[in-house]
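This is input-v2.txt (compact mmCIF, C-alpha atoms).
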```txt
# COMPACT_ATOMS: atom_id res chain seq x y z
CA MET A 60 136.50 68.96 107.52
CA SER A 61 139.69 70.96 107.58
CA SER A 62 139.67 74.48 108.83
CA ILE A 63 141.80 77.58 108.72
CA LYS A 64 142.48 80.05 111.48
CA ILE A 65 141.38 83.59 110.89
CA ASP A 66 142.36 86.73 112.77
CA ILE A 67 140.76 90.04 112.01
CA VAL A 68 142.69 92.83 113.68
CA SER A 69 142.66 96.59 113.43
CA ALA A 70 145.05 99.09 114.96
CA GLU A 71 142.47 99.73 117.64
CA GLY A 72 142.04 96.15 118.69
CA GLU A 73 141.22 92.58 117.82
CA ILE A 74 137.91 92.20 116.01
CA TYR A 75 137.56 88.46 115.53
CA SER A 76 139.62 85.37 115.98
CA GLY A 77 138.54 81.82 115.27
CA GLU A 78 138.48 78.83 112.97
CA ALA A 79 136.77 78.87 109.61
CA THR A 80 136.14 76.59 106.69
CA MET A 81 135.81 79.33 104.13
CA ILE A 82 136.52 83.02 104.01
CA TYR A 83 135.44 85.59 101.47
CA ALA A 84 137.09 89.00 101.33
CA PRO A 85 136.71 92.04 99.06
CA ALA A 86 140.17 92.18 97.50
CA LYS A 87 141.17 95.11 95.35
CA MET A 88 141.00 93.08 92.15
CA GLY A 89 137.71 91.42 93.03
CA GLU A 90 136.32 89.22 95.73
CA VAL A 91 138.46 86.30 96.79
CA GLY A 92 137.44 83.10 98.50
CA ILE A 93 139.97 81.49 100.78
CA ALA A 94 139.75 77.80 101.63
CA PRO A 95 142.14 75.98 103.97
CA ARG A 96 145.60 75.40 102.41
CA HIS A 97 145.30 78.34 100.13
CA ALA A 98 148.59 79.49 98.64
CA PRO A 99 150.25 82.41 100.43
CA LEU A 100 148.61 85.60 99.24
CA LEU A 101 148.94 89.23 100.08
CA THR A 102 146.43 91.70 98.78
CA ALA A 103 144.92 95.08 99.49
CA LEU A 104 141.27 95.14 100.48
CA LYS A 105 138.67 97.62 99.49
CA PRO A 106 135.70 98.63 101.61
CA GLY A 107 133.25 95.77 101.86
CA GLU A 108 132.28 92.68 103.70
CA VAL A 109 134.46 89.91 105.03
CA ARG A 110 132.44 86.71 105.31
CA VAL A 111 133.62 83.94 107.56
CA GLN A 112 132.03 80.49 107.47
CA ASP A 113 132.76 78.54 110.60
CA GLN A 114 132.70 74.79 111.11
CA ASP A 115 129.04 74.70 112.04
CA GLY A 116 128.23 76.26 108.73
CA LYS A 117 127.35 79.53 110.41
CA GLU A 118 128.30 82.68 108.55
CA ARG A 119 129.66 85.82 110.17
CA PHE A 120 129.90 89.17 108.49
CA PHE A 121 132.39 91.90 109.20
CA TYR A 122 132.23 95.20 107.47
CA ILE A 123 135.64 96.68 106.89
CA THR A 124 136.63 99.97 105.36
CA GLY A 125 139.68 98.54 103.65
CA GLY A 126 142.99 97.10 104.70
CA VAL A 127 145.32 94.27 103.87
CA LEU A 128 144.68 90.53 103.64
CA GLU A 129 147.47 88.12 104.39
CA VAL A 130 146.98 84.44 103.66
CA GLN A 131 149.20 81.62 104.76
CA PRO A 132 148.21 77.97 104.32
CA HIS A 133 146.72 77.69 107.82
CA LEU A 134 146.32 81.28 108.86
CA VAL A 135 144.46 84.22 107.43
CA THR A 136 144.99 87.69 108.80
CA VAL A 137 142.87 90.67 107.92
CA LEU A 138 144.60 93.92 108.84
CA ALA A 139 141.52 96.10 108.84
CA ASP A 140 141.61 99.86 108.55
CA THR A 141 139.72 101.64 111.24
CA ALA A 142 138.86 104.61 109.11
CA LEU A 143 137.64 105.13 105.62
CA ARG A 144 140.73 105.80 103.55
CA GLY A 145 141.33 107.37 100.24
CA GLU A 146 143.83 109.68 98.63
CA GLU A 147 141.50 112.69 98.85
CA LEU A 148 140.31 111.91 102.35
CA ASP A 149 143.85 111.58 103.62
CA GLU A 150 144.82 114.75 101.84
CA ALA A 151 141.94 116.61 103.45
CA ALA A 152 142.93 115.28 106.87
CA ALA A 153 146.49 116.45 106.34
CA GLN A 154 145.34 119.91 105.32
CA GLU A 155 143.07 120.04 108.34
CA ALA A 156 145.97 119.22 110.65
CA GLN A 157 148.08 121.87 109.01
CA LYS A 158 145.35 124.48 109.31
CA GLN A 159 144.90 123.61 112.93
CA ALA A 160 148.60 124.12 113.50
CA GLU A 161 148.57 127.51 111.81
CA GLU A 162 145.64 128.67 113.86
CA ALA A 163 146.92 127.35 117.15
CA LEU A 164 150.33 128.87 116.71
CA LYS A 165 149.38 132.21 115.25
CA GLY A 166 152.06 134.74 116.12
CA ALA A 167 154.56 132.24 117.39
CA SER A 168 157.98 132.36 115.80
CA ALA A 169 159.30 129.53 113.68
CA GLU A 170 162.54 129.36 115.63
CA THR A 171 162.47 127.52 118.92
CA ASP A 172 164.03 129.56 121.66
CA ILE A 173 165.96 126.64 123.04
CA LYS A 174 167.76 128.60 125.75
CA ARG A 175 164.49 129.94 127.09
CA ALA A 176 162.86 126.54 126.87
CA GLN A 177 165.64 124.96 128.86
CA VAL A 178 165.48 127.66 131.52
CA GLU A 179 161.74 127.28 131.78
CA LEU A 180 161.86 123.53 132.05
CA VAL A 181 164.58 123.60 134.68
CA GLU A 182 162.46 126.10 136.59
CA ALA A 183 159.37 123.93 136.35
CA ASN A 184 161.35 120.94 137.54
CA ALA A 185 162.80 122.89 140.45
CA ARG A 186 159.32 124.00 141.45
CA TYR A 187 158.12 120.46 141.31
CA ARG A 188 161.01 119.19 143.39
CA ALA A 189 160.62 122.00 145.89
CA ALA A 190 156.99 121.07 146.32
CA GLN A 191 157.98 117.45 146.90
CA LYS A 192 160.51 118.52 149.51
CA LEU A 193 158.05 120.78 151.30
CA LYS A 194 155.79 117.81 151.55
CA GLY A 195 158.58 115.81 153.18
CA ILE A 196 159.30 118.48 155.79
CA LYS A 197 155.76 118.82 156.97
CA MET B 25 137.65 135.49 168.96
CA ALA B 26 138.32 136.94 165.48
CA GLY B 27 140.50 134.11 164.07
CA ASP B 28 137.93 131.41 164.72
CA LYS B 29 135.60 132.01 161.87
CA GLU B 30 138.36 132.52 159.34
CA ILE B 31 140.03 129.28 160.28
CA LEU B 32 136.73 127.43 160.03
CA ASN B 33 136.15 128.87 156.57
CA LYS B 34 139.60 127.81 155.48
CA ILE B 35 139.08 124.30 156.75
CA ARG B 36 135.86 124.10 154.82
CA SER B 37 137.43 125.26 151.57
CA VAL B 38 140.37 122.88 151.90
CA LYS B 39 137.92 120.07 152.57
CA ASN B 40 136.09 120.91 149.38
CA MET B 41 139.32 120.87 147.45
CA GLN B 42 140.21 117.55 148.96
CA LYS B 43 136.93 116.14 147.80
CA ILE B 44 137.68 117.23 144.24
CA THR B 45 141.22 115.89 144.19
CA SER B 46 140.21 112.56 145.64
CA ALA B 47 137.42 112.26 143.09
CA MET B 48 139.93 113.01 140.31
CA GLU B 49 142.24 110.41 141.74
CA MET B 50 139.54 107.78 141.60
CA VAL B 51 138.51 108.75 138.09
CA ALA B 52 142.11 108.49 136.91
CA ALA B 53 142.51 105.13 138.63
CA SER B 54 139.56 103.69 136.78
CA LYS B 55 140.70 105.18 133.48
CA ILE B 56 144.16 103.65 133.72
CA ARG B 57 142.69 100.23 133.31
CA LYS B 58 140.82 101.16 130.17
CA ALA B 59 143.79 103.03 128.76
CA LYS B 60 146.08 100.08 129.36
CA LYS B 61 143.62 97.78 127.67
CA GLN B 62 143.49 100.02 124.65
CA MET B 63 147.26 100.24 124.57
CA ASN B 64 147.58 96.47 124.55
CA ALA B 65 144.83 96.05 121.97
CA SER B 66 147.01 97.71 119.33
CA ARG B 67 149.81 95.20 119.78
CA PRO B 68 148.61 92.29 117.60
CA TYR B 69 148.12 94.60 114.64
CA ALA B 70 151.58 96.09 114.95
CA GLU B 71 153.20 92.68 115.26
CA ARG B 72 151.37 91.27 112.25
CA ILE B 73 152.08 94.23 110.07
CA ARG B 74 155.73 94.17 111.01
CA LYS B 75 155.96 90.57 109.91
CA VAL B 76 154.29 91.38 106.60
CA ILE B 77 156.79 94.19 105.99
CA GLY B 78 159.58 91.74 106.71
CA HIS B 79 158.24 89.37 104.06
CA LEU B 80 157.70 92.14 101.58
CA GLY B 81 161.19 93.47 102.14
CA ALA B 82 162.64 90.02 101.63
CA ALA B 83 160.53 89.34 98.55
CA ASN B 84 161.64 92.41 96.66
CA PRO B 85 165.28 93.10 97.27
CA ASP B 86 165.60 95.21 94.08
CA TYR B 87 162.96 97.70 95.02
CA LYS B 88 164.07 100.00 97.80
CA HIS B 89 161.20 101.87 99.28
CA PRO B 90 162.22 105.36 100.44
CA PHE B 91 160.90 104.55 103.92
CA LEU B 92 163.48 101.81 104.23
CA GLU B 93 166.38 103.76 102.87
CA GLU B 94 168.78 105.71 105.02
CA ARG B 95 169.98 109.01 103.71
CA GLU B 96 172.05 111.95 104.81
CA THR B 97 170.26 113.97 107.47
CA LYS B 98 169.69 117.63 106.78
CA ARG B 99 166.33 118.09 108.40
CA VAL B 100 164.39 115.93 110.81
CA GLY B 101 160.79 115.69 111.89
CA ILE B 102 159.57 114.97 115.38
CA ILE B 103 156.04 113.96 116.32
CA VAL B 104 155.51 115.01 119.92
CA ILE B 105 152.66 113.36 121.80
CA SER B 106 151.68 115.19 124.96
CA THR B 107 148.55 115.20 127.06
CA ASP B 108 145.56 117.40 126.40
CA LYS B 109 145.02 118.27 130.03
CA GLY B 110 147.25 119.26 132.90
CA LEU B 111 147.32 118.21 136.56
CA CYS B 112 149.50 115.24 135.84
CA GLY B 113 152.70 116.08 137.68
CA GLY B 114 155.93 116.38 135.74
CA LEU B 115 154.81 114.17 132.88
CA ASN B 116 154.77 116.74 130.08
CA VAL B 117 157.67 118.75 131.44
CA ASN B 118 159.89 115.69 131.42
CA LEU B 119 158.91 114.91 127.86
CA PHE B 120 159.54 118.44 126.66
CA LYS B 121 162.91 118.46 128.35
CA CYS B 122 163.82 115.35 126.43
CA VAL B 123 162.59 116.87 123.15
CA ILE B 124 164.37 120.17 123.74
CA ALA B 125 167.63 118.37 124.51
CA GLU B 126 167.28 116.51 121.22
CA MET B 127 166.47 119.70 119.36
CA SER B 128 169.41 121.59 120.76
CA ALA B 129 171.70 118.75 119.71
CA TYR B 130 170.34 119.05 116.18
CA GLN B 131 170.66 122.81 116.21
CA GLU B 132 174.33 122.50 117.03
CA ASN B 133 174.80 120.32 113.98
CA LYS B 134 172.84 122.78 111.86
CA ILE B 135 169.99 120.37 111.36
CA ASP B 136 166.52 121.91 111.29
CA VAL B 137 163.60 120.38 113.07
CA ASP B 138 159.98 120.20 111.93
CA LEU B 139 157.37 119.46 114.54
CA VAL B 140 154.00 117.80 114.54
CA LEU B 141 152.24 118.23 117.86
CA VAL B 142 149.65 115.93 119.32
CA GLY B 143 147.91 117.16 122.47
CA SER B 144 147.06 120.67 123.64
CA LYS B 145 149.88 120.88 126.16
CA SER B 146 152.58 120.59 123.53
CA VAL B 147 150.80 123.16 121.37
CA GLN B 148 150.78 125.60 124.28
CA PHE B 149 154.41 124.93 125.03
CA PHE B 150 155.71 125.44 121.51
CA LYS B 151 153.45 128.40 120.93
CA ARG B 152 155.19 130.15 123.77
CA LEU B 153 158.67 129.13 122.73
CA GLY B 154 158.39 129.00 118.96
CA GLY B 155 159.24 126.18 116.61
CA LYS B 156 158.48 125.14 113.07
CA VAL B 157 155.18 123.39 113.64
CA VAL B 158 153.73 121.86 110.49
CA GLY B 159 150.73 120.10 111.96
CA THR B 160 148.78 119.53 115.14
CA ALA B 161 146.11 117.20 116.46
CA THR B 162 144.44 118.08 119.72
CA ASN B 163 141.48 117.06 121.87
CA LEU B 164 141.85 113.35 121.25
CA GLY B 165 139.98 112.52 124.45
CA ASP B 166 140.57 109.42 126.53
CA ARG B 167 140.18 107.06 123.60
CA PRO B 168 142.27 108.36 120.74
CA GLN B 169 141.38 107.07 117.30
CA VAL B 170 143.57 106.43 114.34
CA ASN B 171 141.25 108.68 112.39
CA ASP B 172 142.28 111.71 114.45
CA LEU B 173 145.95 111.13 113.79
CA ILE B 174 146.00 110.34 110.07
CA GLY B 175 146.23 113.97 108.96
CA ALA B 176 149.10 114.88 111.24
CA ILE B 177 151.03 111.76 110.29
CA LYS B 178 150.46 112.25 106.58
CA ILE B 179 152.07 115.68 106.72
CA MET B 180 155.26 114.10 107.99
CA LEU B 181 155.16 111.16 105.59
CA ASP B 182 154.62 113.47 102.62
CA SER B 183 157.40 115.68 103.82
CA TYR B 184 159.66 112.63 104.01
CA ASN B 185 158.65 111.47 100.55
CA GLU B 186 159.39 114.88 99.11
CA GLY B 187 162.79 114.88 100.75
CA ASN B 188 162.07 117.77 103.12
CA ILE B 189 162.93 115.69 106.13
CA ASP B 190 165.35 112.80 106.22
CA GLN B 191 164.43 111.22 109.52
CA LEU B 192 161.27 111.04 111.56
CA PHE B 193 161.05 110.55 115.30
CA LEU B 194 158.24 109.93 117.71
CA ALA B 195 158.42 111.42 121.21
CA HIS B 196 156.04 110.25 123.91
CA ASN B 197 155.94 108.91 127.43
CA GLU B 198 156.56 105.25 127.91
CA PHE B 199 154.38 103.41 130.40
CA ILE B 200 156.65 101.42 132.67
CA SER B 201 154.34 101.07 135.64
CA THR B 202 151.68 103.09 137.38
CA MET B 203 154.36 104.75 139.46
CA SER B 204 156.87 105.32 136.71
CA GLN B 205 156.70 106.79 133.23
CA LYS B 206 159.67 107.69 131.10
CA PRO B 207 159.89 110.02 128.11
CA LYS B 208 161.14 108.23 125.03
CA ILE B 209 162.15 109.28 121.55
CA LYS B 210 162.24 106.59 118.92
CA THR B 211 162.92 106.49 115.23
CA LEU B 212 159.98 105.97 112.90
CA LEU B 213 161.66 106.63 109.59
CA PRO B 214 163.63 105.21 108.01
CA VAL B 215 162.13 101.96 109.24
CA SER B 216 164.98 100.19 110.94
CA THR B 217 166.19 96.84 109.67
CA ILE B 218 163.30 94.51 110.13
CA ASN B 219 164.05 91.33 111.93
CA GLU B 220 163.27 88.83 109.22
CA ASP B 221 162.58 85.57 110.90
CA SER B 222 165.09 83.22 109.38
CA ASP B 223 162.84 80.21 108.96
CA SER B 224 160.63 81.99 106.46
CA LEU B 225 163.65 82.80 104.33
CA GLN B 226 164.94 79.28 104.43
CA SER B 227 161.74 77.76 103.19
CA HIS B 228 161.71 80.03 100.13
CA TRP B 229 158.04 80.68 99.97
CA ASP B 230 156.58 83.88 98.76
CA TYR B 231 153.21 85.51 98.59
CA ILE B 232 151.08 85.96 95.54
CA TYR B 233 150.76 89.71 95.34
CA GLU B 234 147.67 91.55 94.27
CA PRO B 235 147.92 94.07 92.66
CA ASP B 236 151.74 94.20 92.99
CA ALA B 237 154.28 94.16 95.77
CA ILE B 238 155.37 97.77 95.38
CA ASP B 239 151.91 99.26 95.81
CA LEU B 240 151.25 96.95 98.70
CA LEU B 241 154.49 97.89 100.39
CA ASP B 242 153.50 101.57 100.19
CA GLY B 243 150.19 100.97 101.88
CA VAL B 244 151.52 98.58 104.48
CA LEU B 245 154.40 100.83 105.48
CA MET B 246 152.11 103.81 105.86
CA ARG B 247 149.78 101.81 108.08
CA TYR B 248 152.72 100.54 110.04
CA ILE B 249 153.87 104.07 110.85
CA GLU B 250 150.32 105.03 111.74
CA SER B 251 149.94 102.09 114.07
CA GLN B 252 153.18 103.10 115.79
CA VAL B 253 151.99 106.64 116.33
CA TYR B 254 148.61 105.40 117.44
CA ARG B 255 150.26 103.13 119.97
CA GLY B 256 152.31 106.06 121.20
CA ALA B 257 149.14 108.07 121.68
CA THR B 258 147.39 105.33 123.64
CA GLU B 259 150.46 104.70 125.73
CA ASN B 260 150.65 108.38 126.52
CA ILE B 261 147.05 108.35 127.71
CA ALA B 262 147.85 105.50 130.07
CA CYS B 263 150.83 107.51 131.34
CA GLU B 264 148.68 110.60 131.77
CA MET B 265 146.15 108.74 133.87
CA ALA B 266 148.84 107.09 136.00
CA ALA B 267 150.64 110.38 136.59
CA LYS B 268 147.36 112.11 137.31
CA MET B 269 146.41 109.49 139.86
CA VAL B 270 149.71 109.87 141.67
CA ALA B 271 149.57 113.67 141.54
CA MET B 272 146.00 113.76 142.81
CA LYS B 273 146.78 111.28 145.54
CA SER B 274 149.57 113.44 146.86
CA ALA B 275 147.30 116.51 146.58
CA THR B 276 144.67 114.71 148.63
CA ASP B 277 147.26 113.73 151.24
CA ASN B 278 148.53 117.30 151.39
CA ALA B 279 145.03 118.62 151.87
CA GLY B 280 144.59 116.20 154.76
CA GLU B 281 147.73 117.49 156.41
CA ILE B 282 146.64 121.08 155.97
CA ILE B 283 143.25 120.30 157.49
CA ASP B 284 144.93 118.69 160.51
CA LYS B 285 147.10 121.74 161.02
CA LEU B 286 144.22 124.15 160.66
CA GLN B 287 142.12 122.10 163.04
CA LEU B 288 144.91 122.30 165.61
CA ALA B 289 145.17 126.05 165.15
CA TYR B 290 141.40 126.37 165.50
CA ASN B 291 141.33 124.31 168.70
CA LYS B 292 144.14 126.36 170.19
CA ALA B 293 142.41 129.61 169.32
CA ARG B 294 139.17 128.39 170.83
CA GLN B 295 140.91 127.20 173.98
CA ALA B 296 142.70 130.53 174.32
CA ALA B 297 139.39 132.36 174.05
CA ILE B 298 137.79 130.21 176.75
CA THR B 299 140.76 130.57 179.08
CA GLN B 300 140.70 134.30 178.63
CA GLU B 301 137.00 134.48 179.35
CA ILE B 302 137.34 132.46 182.56
CA SER B 303 140.21 134.54 183.80
CA GLU B 304 138.17 137.67 183.10
CA ILE B 305 135.20 136.32 185.07
CA VAL B 306 137.43 135.20 187.94
CA GLY B 307 139.18 138.58 187.90
CA GLY B 308 135.80 140.40 187.91
CA ALA B 309 134.43 138.26 190.76
CA ALA B 310 137.56 138.84 192.80
CA ALA B 311 137.22 142.61 192.31
CA VAL B 312 133.57 142.57 193.46
CA SER B 313 134.09 140.41 196.58
CA GLY B 314 137.32 142.18 197.47
```
Would you encode the structure as structure tokens?
Amino acid sequence: MSSIKIDIVSAEGEIYSGEATMIYAPAKMGEVGIAPRHAPLLTALKPGEVRVQDQDGKERFFYITGGVLEVQPHLVTVLADTALRGEELDEAAAQEAQKQAEEALKGASAETDIKRAQVELVEANARYRAAQKLKGIK
Amino acid sequence: MAGDKEILNKIRSVKNMQKITSAMEMVAASKIRKAKKQMNASRPYAERIRKVIGHLGAANPDYKHPFLEERETKRVGIIVISTDKGLCGGLNVNLFKCVIAEMSAYQENKIDVDLVLVGSKSVQFFKRLGGKVVGTATNLGDRPQVNDLIGAIKIMLDSYNEGNIDQLFLAHNEFISTMSQKPKIKTLLPVSTINEDSDSLQSHWDYIYEPDAIDLLDGVLMRYIESQVYRGATENIACEMAAKMVAMKSATDNAGEIIDKLQLAYNKARQAAITQEISEIVGGAAAVSG
């Protein structure tokens, strides 16, 4: 029985890698079943279950929160999202980050005082180097 | 003798400090391994997604996604990834120096800079010195998650889409080895020419796209940028732990030296006291018998 290699990866690490005889994935336009020698396909995935049937007929389930499915005749890659995504959720996250910035930097000016920054950094570096030297003398 | 007790106290307090620094050193040493593992775990995803972008780019030459298009630079964005905690030597300072040098170069050319800050140390730094900060993400912990970074990244991507910024950079420390980390600034947007592997072009195959290539390209590019930033964050954690280990090791060594010195001073003081006492007794005895 022919098989197809499947890799399920997310940005945070590899989730599964192995051979399969059949793969089902929740594509955006409806569930798709991928058999070996499937035509190249690229599709977005929605939250759901990826089912992998291996050669022993055993089924594995992976819950994913979305992502992208890439199919080549002998290789299937699931680029899984690690977080639940959605226009509103992302928007909320962005606003949260912005709010955090405003709070953290209350009272700071919008112009970077580059001269002062450079002086301070040179000073910090000099201190660091001086400490290193002191260590050498001892 | 008066100095005795003080010196003993000092030795004790330095010893306590040494215990803390050596414990921190060991903690950092064990965390490096985990951080490196996490850093490497993000690689397969980034490689895969890069390949997919290459295919997508090749499949749709008519459609130019804004992320792939170069345009005149009037304003740039920089995502600065620093550590959350200190006690890691010159790691953050070196990074900030690199960023400030970049910023001053832009300022000379009358190009404004927007900042997104990741990590408490960069927030502290730019709070003191000012800067147009549009977003922050702090307290990521030792295992940063993509989830924590999405918001901060989206601000920059939106800003790029709206034409507020024309280029986006990522500044973080690069992990070269445990002993050496180097600050690095790299371009995120526009996505540089993707190395399309030639064999795939020659064979003239193409994907079936669902729903359509343009929507897919949007999503894939966004995830690509996110995975880059995520990798930067994990790499920075590995750097932090390595720098912390080195810094704490040298602190522990220094404490050892100080203890040695104090011990010597204490012994001398004690010896002086004994000598003095003997000479007093001898002097007294001589006076009585004489």
Output as JSON lines one row per residue of chain A within 6 Å of chain B: the closest atom pair and its distance in Å to one decimal place, counting only C-alpha atoms, sorted by chain and residue number ascending.
```
{"residue": "A:Val68", "atom": "CA", "partner": "B:Tyr69", "partner_atom": "CA", "distance": 5.8}
{"residue": "A:Ser69", "atom": "CA", "partner": "B:Tyr69", "partner_atom": "CA", "distance": 5.9}
{"residue": "A:Ala70", "atom": "CA", "partner": "B:Ser66", "partner_atom": "CA", "distance": 5.0}
{"residue": "A:Glu71", "atom": "CA", "partner": "B:Ser66", "partner_atom": "CA", "distance": 5.2}
{"residue": "A:Gly72", "atom": "CA", "partner": "B:Ala65", "partner_atom": "CA", "distance": 4.3}
{"residue": "A:Pro99", "atom": "CA", "partner": "B:Tyr231", "partner_atom": "CA", "distance": 4.7}
{"residue": "A:Leu100", "atom": "CA", "partner": "B:Ile232", "partner_atom": "CA", "distance": 4.5}
{"residue": "A:Leu101", "atom": "CA", "partner": "B:Tyr233", "partner_atom": "CA", "distance": 5.1}
{"residue": "A:Thr102", "atom": "CA", "partner": "B:Glu234", "partner_atom": "CA", "distance": 4.7}
{"residue": "A:Ala142", "atom": "CA", "partner": "B:Asn171", "partner_atom": "CA", "distance": 5.7}
{"residue": "A:Ala152", "atom": "CA", "partner": "B:Gly175", "partner_atom": "CA", "distance": 4.1}
{"residue": "A:Ala153", "atom": "CA", "partner": "B:Gly175", "partner_atom": "CA", "distance": 3.6}
{"residue": "A:Ala156", "atom": "CA", "partner": "B:Gly159", "partner_atom": "CA", "distance": 5.0}
{"residue": "A:Gln157", "atom": "CA", "partner": "B:Gly159", "partner_atom": "CA", "distance": 4.3}
{"residue": "A:Ala160", "atom": "CA", "partner": "B:Gly159", "partner_atom": "CA", "distance": 4.8}
{"residue": "A:Leu164", "atom": "CA", "partner": "B:Lys151", "partner_atom": "CA", "distance": 5.3}
{"residue": "A:Ala167", "atom": "CA", "partner": "B:Gly154", "partner_atom": "CA", "distance": 5.3}
{"residue": "A:Ser168", "atom": "CA", "partner": "B:Gly154", "partner_atom": "CA", "distance": 4.6}
{"residue": "A:Ala169", "atom": "CA", "partner": "B:Gly155", "partner_atom": "CA", "distance": 4.5}
{"residue": "A:Glu170", "atom": "CA", "partner": "B:Gly155", "partner_atom": "CA", "distance": 4.7}
{"residue": "A:Thr171", "atom": "CA", "partner": "B:Gly155", "partner_atom": "CA", "distance": 4.2}
{"residue": "A:Asp172", "atom": "CA", "partner": "B:Leu153", "partner_atom": "CA", "distance": 5.5}
```
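Computed from the coordinates, the atom CA of Asn260 of chain B to atom CA of His196 of chain B distance equals 6.3 Å.
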Provide the atom CA of Ile302 of chain B to atom CA of Ile31 of chain B distance in Å, to one decimal place.
22.7 Å
Residues near segment 79-93 of chain A, cut-off 6 Å, only C-alpha atoms, skip fewer than 2 positions along chain, as a PyMOL selection string
chain A and resi 62-63+103-105+107+109-114
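Counting only C-alpha atoms, the residue from B:Ala279, B:Met203, B:Val104, B:Leu92 that sits nearest to Met265 of chain B is B:Met203.
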